[in-house]
Amino acid sequence: MNRLGFRDLVNLAAYGLHARPMRAVLSALGIAIGIAAMTAVVGISSSSRADLDRELAALGTNLLTVTPGQTMFGKEATLPDTSVPMIKRIGPVQSATATGLVPSTSVYRTDRIPAGETGGLALLAARSDLLGTVGGTLARGTWLVPKYPTVVLGATAARRLGNVPSVYIAGRWWTVSGVLAPVPLAPELDQSVLVGWDAATSYLGFDGHPTTVYTRSADAFVEAVRGVLARTANPSSPDEVKVSKPSDALAARQATNAAFTALLLGLGAVALLVGGIGVANTMVISVLERRAEIGLRRSLGATRGQIRIQFVAESLLLSLLGGAAGVLLGYLVTGLYAVTQKWPTVVPLWALAGGVGATLVIGGVAGLYPAVRAARLAPTEALAA
Amino acid sequence: MNAVIELAGVTKAYPGGVTAVRSVDLTVAYGELVAIVGPSGSGKSTMLHLIGTLDRPTQGTVRIDGHDVATLTDRQLSGLRATRIGFVFQQFHLAPGRTALANVADGLLYSGVRRKEREWRAEAALVRVGLGDRLDHRPHQLSGGERQRVAIARAVAGDPAVLLADEPTGNLDSVSGAGVVELLLSLHSSGTTVLIITHDREIAAALPRQVPMHDGRVV
């Protein structure tokens with residue numbers, strides 16, 4: 001028998017929607033909202049991921065940190081003073097540096113602050129090559145002058161202490177020479193006040209034990225270096241050494257967001273389902289209202305199949321319009337959000353294709369039942385309506 | 001075989017015990033103009049459905065253009081309606097918002113004719129019914145008589161073997177109604193087989209052959 005051409009079918013579908021534009025817009029809106037929600041969720045999470053990747057690429061993923069763990073008896077272990085030069089001797093290691101915690105010494109804004117109000121800031125002795133290895137930069141001022149009583153404040157520490165020219169440590173005024181920008185790969189530095197290694201030894205009674213060793217190696221050998229770090233840092237008791245990779249921690253933070261993304265995606269799917277039911281509802285009503293049209297088309301020679309495909313096509317077109325609008329809307333929302341966060345806008349192609357594909361499935365499923373009902377309608381019954 | 005419509009012993013009973021048509025025999029030859037006339041409830045509409053292959057008889061045989069309706073599938077019946085039968089309804093059944101030309105062209109949608117050809121034939125049909133200057137008018141811009149002419153153009157655009165008109169003047173004033181009857185007469189005189197179903201004895205009297213019906217029987 002004669003089959004309807006593709007263009008004829010599209011025209012038929014458009015005709016049905018055109019006859020009741022308001023209803024078509026409203027039911028397409030349901031689909032659009034669902035698709036927009038899902039596209040935006042995927043887009044925002046991908047954009048944030050892209051931003052992290054960019055950040056990690058800038059920071060490098062070859063930084064490893066070595067910290068003392070605990071001894072067999074549960075006491076705090078220490079790293080040997082020789083650990084930094086030992087680590088530097090590992091072939092692929094490019095640089096190694098350390099900070100050492102100056103124990104039970106606090107930093108105060110002025111000499112009038114009661115001794116109990118320590119502010120929770122760590123006082124760290126820093127090797128002069130610290131910044132190059134951890135990838136830190138100075139927000140303002142200059143780096144430490146070795147041997148002299150000057151300090152450099154971490155970003156958070158600077159915010160807590162305020163814009164002071166000097167701080168009061170262990171009965172002495174220390175000049176603030178600079179303030180660090182936040183250090184993403186070594187966030188512990190943000191809450192610290194840094195003093196020179198030698199100054200710490202001579203003015204603060206620092207014992208010279210490193211408490212954190214930072215080391216960079218050639219990218220290809222990071223895992224190999226990681227494997228030997230503990231034994232190199234403390235050959236006599238490698239079990240008392242903790243080795244970690246800060247870039248992994250950053251990536252892990254991203255992974256915890258994934259669970260939240262899945263939840264939002266589920267909400268989007270629910271919106272989409274509701275939208276699909278809206279389309280099905282619209283189509284059922286449409287079939288009821290258009291019995292006379294169905295009867296006329298049957299008398300003009302339309303087969304049951306042609307009636308069925310007309311209504312399925314109408315439903316598909318309806319959801320496709322909603323889906324296209326939704327994808328566009330979701331993309332816009334992603335773009336807007338990414339711009340405010342200074343992220344790159346990334347909406348994966350699979351999300352766009354998936355959005356449109358999902359609407360096609362929904363349109364087909366939602367339209368099938370009404371279409372089958374329309375096709376089953378006896379021509380005489382349809383004409384009598 | 002020169003009968004376009006051949007009904008032999010046709011009975012149509014509906015579930016629930018209503019028998020609308022009882023053992024009717026009717027033969028209409030190609031080129032005839034026939035009126036089926038009778039009061040409401042006489043089975044006229046059922047006759048239209050049976051002759052139009054929209055419904056199948058409970059008993060007896062219906063042959064349209066040589067095809068026994070009982071032996072055809074729903075698809076084949078659709079094909080028969082698309083190419084060999086033209087319908088005109090009391091309520092016109094025009095698509096609102098579509099031009100006269102589009103309405104007539106859509107009548108050929110299911111006959112497997114290409115789009116250009118459909119438009120070309122639709123225009124010819126509209127010229128034939130005297131609406132050559134109304135091609136781009138939408139139904140709401142046309143008078144009742146003009147609307148029925150568009151419907152007639154749609155029915156004859158595919159050059160059917162038989163034109164079935166169900167109360168074609170039922171929704172029209174007497175002047176427009178007379179115009180429509182005149183149009184059907186002129187289509188008949190140019191060779192189209194026309195079957196008009198009406199309760200209006202006056203209209204029926206103006207036609208060459210009448211088939212009066214009462215209580216489901218031809219009397």
# chains A, B, ... in the order shown; residues from 1 in each chain; ligands from 1

$ residues_around --residues "Gln90 in chain B" --least-positions-apart "6" --cutoff "10 Å" --atoms "only C-alpha atoms" --output "JSON list (two decimals) with C-alpha atoms, in the first residue's frame"
[["chain", "number", "residue", "atom", "x", "y", "z"],
["B", 148, "GLN", "CA", -19.26, 22.23, 0.85],
["B", 151, "ALA", "CA", -15.40, 19.25, 0.33],
["B", 165, "ALA", "CA", -22.66, 12.47, -0.55],
["B", 166, "ASP", "CA", -24.23, 12.16, 2.91],
["B", 167, "GLU", "CA", -26.87, 14.88, 3.39],
["B", 168, "PRO", "CA", -24.71, 17.34, 1.43],
["B", 169, "THR", "CA", -27.24, 20.15, 1.84],
["B", 170, "GLY", "CA", -28.17, 19.38, 5.45],
["B", 171, "ASN", "CA", -26.20, 22.28, 6.91],
["B", 172, "LEU", "CA", -26.94, 24.79, 4.14],
["B", 198, "THR", "CA", -30.85, 12.58, 1.86]]

$ residues_around --residues "Gly60 in chain B" --least-positions-apart "6" --cutoff "9 Å" --atoms "only C-alpha atoms" --output "short mmCIF file (atom, residue, chain, number, x, y, z; two decimals) with N, CA and C atoms, in the first residue's frame"
data_model
loop_
_atom_site.label_atom_id
_atom_site.label_comp_id
_atom_site.auth_asym_id
_atom_site.auth_seq_id
_atom_site.Cartn_x
_atom_site.Cartn_y
_atom_site.Cartn_z
N LEU B 7 -25.14 -4.47 -4.19
CA LEU B 7 -25.49 -5.00 -2.88
C LEU B 7 -26.44 -6.17 -3.09
N ALA B 8 -26.14 -7.31 -2.50
CA ALA B 8 -27.00 -8.48 -2.68
C ALA B 8 -27.34 -9.07 -1.31
N GLY B 9 -28.61 -8.99 -0.94
CA GLY B 9 -29.08 -9.58 0.33
C GLY B 9 -28.34 -9.04 1.53
N VAL B 10 -28.07 -7.74 1.52
CA VAL B 10 -27.25 -7.16 2.59
C VAL B 10 -28.06 -6.86 3.84
N THR B 11 -27.57 -7.39 4.98
CA THR B 11 -28.19 -7.11 6.27
C THR B 11 -27.10 -6.59 7.21
N LYS B 12 -27.43 -5.56 7.95
CA LYS B 12 -26.48 -5.09 8.96
C LYS B 12 -27.18 -5.03 10.31
N SER B 23 -31.78 -7.25 4.37
CA SER B 23 -31.72 -7.88 3.04
C SER B 23 -32.00 -6.91 1.89
N VAL B 24 -31.06 -6.00 1.73
CA VAL B 24 -31.20 -4.99 0.68
C VAL B 24 -30.46 -5.45 -0.57
#

$ residues_around --residues "range 82-94 of chain A" --least-positions-apart "4" --cutoff "10 Å" --atoms "only C-alpha atoms" --output "JSON, numbers by chain"
{"A": [62, 66, 98, 133, 209, 210, 212, 213, 214, 215, 216, 217, 218, 219, 220, 221, 222, 224, 225, 228, 229, 230, 231, 232, 233, 234, 235]}

$ write_last_selection --atoms "C-alpha atoms" --output "PDB file, in the first residue's frame"
ATOM      1  CA  ASN A  62      54.116  14.876  40.579  1.00  0.00           C
ATOM      2  CA  VAL A  66      56.289  12.496  53.342  1.00  0.00           C
ATOM      3  CA  ALA A  98      60.823  20.316  54.108  1.00  0.00           C
ATOM      4  CA  THR A 133      58.605  22.620  45.214  1.00  0.00           C
ATOM      5  CA  HIS A 209      63.456  17.503  62.558  1.00  0.00           C
ATOM      6  CA  PRO A 210      61.470  17.852  59.351  1.00  0.00           C
ATOM      7  CA  THR A 212      56.719  17.243  56.214  1.00  0.00           C
ATOM      8  CA  VAL A 213      58.976  16.594  53.236  1.00  0.00           C
ATOM      9  CA  TYR A 214      57.766  17.792  49.847  1.00  0.00           C
ATOM     10  CA  THR A 215      59.296  16.275  46.747  1.00  0.00           C
ATOM     11  CA  ARG A 216      58.767  16.538  43.018  1.00  0.00           C
ATOM     12  CA  SER A 217      59.868  13.851  40.585  1.00  0.00           C
ATOM     13  CA  ALA A 218      59.782  13.301  36.834  1.00  0.00           C
ATOM     14  CA  ASP A 219      56.146  12.587  35.871  1.00  0.00           C
ATOM     15  CA  ALA A 220      56.828   9.091  34.538  1.00  0.00           C
ATOM     16  CA  PHE A 221      58.492   7.978  37.772  1.00  0.00           C
ATOM     17  CA  VAL A 222      56.127   9.372  40.395  1.00  0.00           C
ATOM     18  CA  ALA A 224      58.235   4.400  41.389  1.00  0.00           C
ATOM     19  CA  VAL A 225      59.499   7.169  43.640  1.00  0.00           C
ATOM     20  CA  VAL A 228      60.830   3.848  47.681  1.00  0.00           C
ATOM     21  CA  LEU A 229      60.166   7.112  49.559  1.00  0.00           C
ATOM     22  CA  ALA A 230      59.380   5.593  52.940  1.00  0.00           C
ATOM     23  CA  ARG A 231      62.503   3.458  53.003  1.00  0.00           C
ATOM     24  CA  THR A 232      64.655   6.338  51.814  1.00  0.00           C
ATOM     25  CA  ALA A 233      63.293   8.843  54.314  1.00  0.00           C
ATOM     26  CA  ASN A 234      63.651   6.559  57.298  1.00  0.00           C
ATOM     27  CA  PRO A 235      65.687   3.436  56.445  1.00  0.00           C
TER      28      PRO A 235
END

$ closest_atom_pairs --of "chain B" --to "chain A" --cutoff "8 Å" --atoms "only C-alpha atoms" --output "tab-separated table"
residue	atom	partner	partner_atom	distance
B:His49	CA	A:Thr380	CA	6.8
B:Gly52	CA	A:Ser299	CA	7.8
B:Leu54	CA	A:Pro379	CA	5.9
B:Asp55	CA	A:Thr380	CA	6.9
B:Asp74	CA	A:Thr303	CA	7.2
B:Arg75	CA	A:Thr303	CA	5.6
B:Gln76	CA	A:Met1	CA	7.7
B:Leu77	CA	A:Gly301	CA	7.8
B:Ser78	CA	A:Gly301	CA	4.4
B:Gly79	CA	A:Gly301	CA	5.7
B:Leu80	CA	A:Gly301	CA	7.1
B:Arg81	CA	A:Gly301	CA	4.7
B:Ala82	CA	A:Gly301	CA	3.8
B:Thr83	CA	A:Gly301	CA	7.6
B:Gly86	CA	A:Leu300	CA	7.4
B:Phe87	CA	A:Ser299	CA	7.0
B:His93	CA	A:Leu296	CA	6.9
B:Gly97	CA	A:Ala19	CA	7.6
B:Gly107	CA	A:Leu300	CA	6.0
B:Leu108	CA	A:Leu300	CA	7.5
B:Leu109	CA	A:Leu4	CA	7.6
B:Tyr110	CA	A:Ala302	CA	5.6
B:Ser111	CA	A:Asn2	CA	6.6
B:Gly112	CA	A:Asn2	CA	5.1

$ atom_distance --atom1 "CA of Ala13 in chain B" --atom2 "CA of Ala205 in chain B"
29.7 Å

$ residues_around --residues "Asp136 in chain B" --least-positions-apart "6" --cutoff "7 Å" --atoms "only C-alpha atoms" --output "VMD selection string"
chain B and resid 99 to 101

$ write_last_selection --atoms "N, CA and C atoms" --output "short mmCIF file (atom, residue, chain, number, x, y, z; two decimals), in the first residue's frame"
data_model
loop_
_atom_site.label_atom_id
_atom_site.label_comp_id
_atom_site.auth_asym_id
_atom_site.auth_seq_id
_atom_site.Cartn_x
_atom_site.Cartn_y
_atom_site.Cartn_z
N THR B 99 -5.69 26.14 4.04
CA THR B 99 -6.33 26.77 2.88
C THR B 99 -7.18 25.74 2.13
N ALA B 100 -8.07 26.27 1.28
CA ALA B 100 -8.92 25.39 0.47
C ALA B 100 -8.04 24.44 -0.34
N LEU B 101 -6.97 25.00 -0.91
CA LEU B 101 -6.08 24.17 -1.73
C LEU B 101 -5.46 23.05 -0.89
#

$ select_by_dssp --residues "chain B" --states "strand (DSSP E)" --output "PyMOL selection string"
chain B and resi 3-14+18-29+33-37+59-64+67-68+85-88+162-166+193-198+209-214+217-218

$ closest_residue --among "A:Arg140, A:Arg376, A:Arg23, A:Lys342" --to "Leu153 in chain A" --atoms "only C-alpha atoms"
A:Arg140

$ residues_around --residues "range 344-351 of chain A" --least-positions-apart "3" --cutoff "9 Å" --atoms "only C-alpha atoms" --output "PyMOL selection string"
chain A and resi 38-40+42-51+327+331+334-339+341+354-356
